[in-house]
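> Would you mind keeping the following structure in view while I ask a few things?
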Amino acid sequence: MKLVIAIVQDKDSDQLSNQFIEHDVRATKLASSGSFLRSGNSTFLIGIDDQRVDEVLEIIKHVSKKRRKFITPPVGVDTHVEGVRNNYPRQVSIGGATVFVLDVAQFEQY
Amino acid sequence: MKLVIAIVQDKDSDQLSNQFIEHDVRATKLASSGSFLRSGNSTFLIGIDDQRVDEVLEIIKHVSKKRRKFITPPVGVDTHVEGVRNNYPRQVSIGGATVFVLDVAQFEQY
Amino acid sequence: MKLVIAIVQDKDSDQLSNQFIEHDVRATKLASSGSFLRSGNSTFLIGIDDQRVDEVLEIIKHVSKKRRKFITPPVGVDTHVEGVRNNYPRQVSIGGATVFVLDVAQFEQY
Ligand code: NI
Ligand code: NI
Ligand code: NI
């Protein structure tokens, strides 16, 4: 038995919950904040048999990994810098996950 | 030294806190939600000497274990289904606890 | 790799976050409450290489250790007890930290 502790961005949290349910992985979500990932984040506790750890890590990676996204500044916002129009789409980095896998000495359900 | 992580239903959380205090078990409660247990839940972190782990598990089991309860649907609510009155008391399952016991490599108090 | 779980008083939580950032220690903060420390508290999760555990513990100790503080009861509050004026400065105990260090079986970042 392993305890997986996964810290992901809030914006990936709902999709991750859904994926856990879909894959019959039982997880509990803790409210968290802080500097592992810049914006608001969520911490998941997942209890899982040793042979399913890789599957859980794969789900987390698939949903939450750091990726690039193009955003377009909204029209009407003054995006002229030194006379140059700059409301072109630009790349930002979103997502990211920090994951700890811990050995469980004893596991009980009542 | 062990770290016990216990996830219980919100409705059992106050009584569990009280039992921990009464038995001189020091615990901290994290706000949590999620699919280990269907409705809102609470996650407790309990630091405890190895020889008291069984006592802590017994307290959690005693307060939080899954049990059946009879509920009676309130009068006035339309509980007729296909012409049959069904506001008789009925059984629901409440409670339940998921517990992880982890080895602690180092414990400090400042 | 170690996972450090530190429970500190809310009032020390911002300064601790700042010290972690200043020392390039990545931490996430969970909302918590409970009886490890009487008033509101915060729980930090810190992932750190084995050789930096002592540094992290030193930071936690430095910011959060239990210490005495003099407070003066506000004027206007009735602080007479049995005819004796007692709004002199008095010592209270603040702070305190409970810290668990756990071995990490596997650590991933995505
Ligand atoms: Ni899948
Ligand atoms: Ni008892
Ligand atoms: Ni320093």
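Just remember, in the structure tokens the first chain shown is A, the second B, etc., residues are 1-based per chain, and ligands are 1-based in the order shown.
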Using only C-alpha atoms and all ligand atoms, which residues of the polymer chains come no farther than 8 Å from ligand 1? I'd like the answer as a ChimeraX atom specification.
/A:19,22-23,59
> Can you check which residues of chain A have any atom within 9 Å of chain B? Use only C-alpha atoms and format it as a list in words.
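Residues of chain A within 9 Å of chain B, counting only C-alpha atoms: Leu3, Ser17, Phe20, Ile21, Val25, Arg26, Ala27, Thr28, Lys29, Leu30, Ala31, Ile46, Gly47, Leu102, Asp103, Val104, Ala105, Gln106, Phe107, Glu108, Gln109 and Tyr110 of chain A.
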> What is the CA of Ser93 (chain C)-CA of Lys11 (chain C) distance in Å, reported with one decimal?
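Between these atoms lies a distance of 12.9 Å.
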> Separation of CA of Arg68 (chain B) and CA of Asp14 (chain B), in Å?
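It comes out at 19.5 Å.
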> Quick one, how far is CA of Tyr88 (chain A) from CA of Asp12 (chain A)?
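Going from CA of Tyr88 (chain A) over to CA of Asp12 (chain A) covers 25.6 Å.
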